[in-house]
Amino acid sequence: MKLFILGYMGAGKSHTGRLLAQKIDVPFLDMDEQIELQEGKSISTIFDTIGEDGFRQLEHKYLESLSTIESAVIATGGGTPCFHDNMDLMQSQGKTIYLRTHPNLLVQRLSKEQSKRPIIANLSPKDLPLFIGEQIQLRSSYYEQAELVYFQEEEGQDIVTELLDRLAILG
């Protein structure tokens, strides 16, 4: 079984993916971490060097390379489903899970690590909520194509247990 976890940055894709992979006893891969390892640079440096378009091409190339993996939980980047027909590619390789996270929760999480996120690093605290809302609106048509959508309204929800229950129903 190959599961792709998607959602906006700060949705908890990596955290949830690691826990889910442990529960079902399969490897966990974080696409951003893998790209950083392969390129020998941070995502921020890659963005600074080759821009978002260059990064999205690297991301697609890496996603294509995952076709040889039989079973894994894979945390995608926040924009992964939105470029280069990546959503179709992921759906052809496994199941897709969208962690739909309340925008207020995203703002709360991302404001703590804003400087590490190239797309939001230069936004003022006042502009961050508006930007996140606009981005989610732009990306939601891709995210909503996921086979399973999980809505997180607040911290502390038992996401992994609920996802396991829903995945069992999907078969």
# chains A, B, ... in the order shown; residues from 1 in each chain; ligands from 1
>>> select_by_dssp(residues="segment 1-157 of chain A", states="strand (DSSP E)", output="number ranges by chain")
A: 2-6, 28-30, 72-75, 95-101, 148-152
>>> select_by_dssp(residues="segment 29-166 of chain A", states="alpha helix (DSSP H)", output="number ranges by chain")
A: 31-39, 43-65, 86-93, 103-110, 128-143, 159-166
>>> write_last_selection(atoms="C-alpha atoms", output="PDB file, in the first residue's frame")
ATOM      1  CA  MET A  31       9.393  14.487  -0.170  1.00  0.00           C
ATOM      2  CA  ASP A  32      10.940  17.771   0.954  1.00  0.00           C
ATOM      3  CA  GLU A  33      13.521  15.941   3.093  1.00  0.00           C
ATOM      4  CA  GLN A  34      14.335  13.586   0.224  1.00  0.00           C
ATOM      5  CA  ILE A  35      14.770  16.479  -2.215  1.00  0.00           C
ATOM      6  CA  GLU A  36      17.054  18.252   0.267  1.00  0.00           C
ATOM      7  CA  LEU A  37      19.148  15.083   0.643  1.00  0.00           C
ATOM      8  CA  GLN A  38      19.407  14.499  -3.094  1.00  0.00           C
ATOM      9  CA  GLU A  39      20.209  18.115  -3.902  1.00  0.00           C
ATOM     10  CA  ILE A  43      14.288  23.885   0.142  1.00  0.00           C
ATOM     11  CA  SER A  44      14.799  27.609   0.843  1.00  0.00           C
ATOM     12  CA  THR A  45      18.165  27.551  -0.931  1.00  0.00           C
ATOM     13  CA  ILE A  46      16.700  25.645  -3.870  1.00  0.00           C
ATOM     14  CA  PHE A  47      13.913  28.253  -4.156  1.00  0.00           C
ATOM     15  CA  ASP A  48      16.503  31.062  -4.000  1.00  0.00           C
ATOM     16  CA  THR A  49      18.717  29.388  -6.608  1.00  0.00           C
ATOM     17  CA  ILE A  50      16.289  28.064  -9.230  1.00  0.00           C
ATOM     18  CA  GLY A  51      12.970  29.626  -8.217  1.00  0.00           C
ATOM     19  CA  GLU A  52       9.629  27.992  -7.624  1.00  0.00           C
ATOM     20  CA  ASP A  53       9.323  26.687 -11.209  1.00  0.00           C
ATOM     21  CA  GLY A  54      12.679  24.924 -10.949  1.00  0.00           C
ATOM     22  CA  PHE A  55      11.723  23.485  -7.589  1.00  0.00           C
ATOM     23  CA  ARG A  56       8.398  22.201  -8.937  1.00  0.00           C
ATOM     24  CA  GLN A  57      10.248  20.410 -11.745  1.00  0.00           C
ATOM     25  CA  LEU A  58      12.585  18.753  -9.217  1.00  0.00           C
ATOM     26  CA  GLU A  59       9.609  17.802  -7.098  1.00  0.00           C
ATOM     27  CA  HIS A  60       7.869  16.175 -10.082  1.00  0.00           C
ATOM     28  CA  LYS A  61      11.019  14.270 -11.032  1.00  0.00           C
ATOM     29  CA  TYR A  62      11.305  12.938  -7.494  1.00  0.00           C
ATOM     30  CA  LEU A  63       7.614  11.996  -7.415  1.00  0.00           C
ATOM     31  CA  GLU A  64       8.061  10.019 -10.644  1.00  0.00           C
ATOM     32  CA  SER A  65      10.986   8.146  -9.077  1.00  0.00           C
ATOM     33  CA  ASN A  86       1.164  15.338  -9.906  1.00  0.00           C
ATOM     34  CA  MET A  87      -2.287  14.587  -8.500  1.00  0.00           C
ATOM     35  CA  ASP A  88      -2.990  12.159 -11.350  1.00  0.00           C
ATOM     36  CA  LEU A  89       0.446  10.602 -10.887  1.00  0.00           C
ATOM     37  CA  MET A  90      -0.105  10.069  -7.157  1.00  0.00           C
ATOM     38  CA  GLN A  91      -3.568   8.613  -7.686  1.00  0.00           C
ATOM     39  CA  SER A  92      -2.191   6.171 -10.262  1.00  0.00           C
ATOM     40  CA  GLN A  93       0.409   4.965  -7.740  1.00  0.00           C
ATOM     41  CA  PRO A 103      -6.983  28.132   8.334  1.00  0.00           C
ATOM     42  CA  ASN A 104      -6.762  29.539  11.899  1.00  0.00           C
ATOM     43  CA  LEU A 105      -4.850  26.438  12.960  1.00  0.00           C
ATOM     44  CA  LEU A 106      -2.507  26.831   9.981  1.00  0.00           C
ATOM     45  CA  VAL A 107      -1.840  30.480  10.858  1.00  0.00           C
ATOM     46  CA  GLN A 108      -1.117  29.502  14.456  1.00  0.00           C
ATOM     47  CA  ARG A 109       1.374  26.810  13.382  1.00  0.00           C
ATOM     48  CA  LEU A 110       3.032  28.673  10.518  1.00  0.00           C
ATOM     49  CA  LEU A 128      -0.159  35.812   6.744  1.00  0.00           C
ATOM     50  CA  PRO A 129      -3.832  34.836   7.390  1.00  0.00           C
ATOM     51  CA  LEU A 130      -5.014  36.456   4.150  1.00  0.00           C
ATOM     52  CA  PHE A 131      -2.238  34.797   2.132  1.00  0.00           C
ATOM     53  CA  ILE A 132      -2.978  31.359   3.605  1.00  0.00           C
ATOM     54  CA  GLY A 133      -6.695  31.745   2.890  1.00  0.00           C
ATOM     55  CA  GLU A 134      -6.038  32.766  -0.716  1.00  0.00           C
ATOM     56  CA  GLN A 135      -3.562  29.923  -1.274  1.00  0.00           C
ATOM     57  CA  ILE A 136      -5.918  27.304   0.141  1.00  0.00           C
ATOM     58  CA  GLN A 137      -8.677  28.617  -2.099  1.00  0.00           C
ATOM     59  CA  LEU A 138      -6.389  28.364  -5.156  1.00  0.00           C
ATOM     60  CA  ARG A 139      -5.182  24.870  -4.266  1.00  0.00           C
ATOM     61  CA  SER A 140      -8.376  23.328  -2.916  1.00  0.00           C
ATOM     62  CA  SER A 141      -9.560  22.082  -6.323  1.00  0.00           C
ATOM     63  CA  TYR A 142      -6.446  19.880  -6.405  1.00  0.00           C
ATOM     64  CA  TYR A 143      -6.526  18.862  -2.749  1.00  0.00           C
ATOM     65  CA  ILE A 159      -5.937  11.824  13.191  1.00  0.00           C
ATOM     66  CA  VAL A 160      -4.067   8.539  12.746  1.00  0.00           C
ATOM     67  CA  THR A 161      -6.737   6.360  14.362  1.00  0.00           C
ATOM     68  CA  GLU A 162      -9.470   8.074  12.360  1.00  0.00           C
ATOM     69  CA  LEU A 163      -7.495   7.721   9.113  1.00  0.00           C
ATOM     70  CA  LEU A 164      -6.916   4.013   9.783  1.00  0.00           C
ATOM     71  CA  ASP A 165     -10.646   3.528  10.312  1.00  0.00           C
ATOM     72  CA  ARG A 166     -11.470   5.360   7.085  1.00  0.00           C
TER      73      ARG A 166
END
>>> closest_residue(among="A:Ala21, A:Gly10, A:Leu99, A:Lys112", to="Ser71 of chain A", atoms="only C-alpha atoms")
A:Ala21
>>> atom_distance(atom1="atom CA of Gln152 of chain A", atom2="atom CA of Arg100 of chain A")
6.1 Å
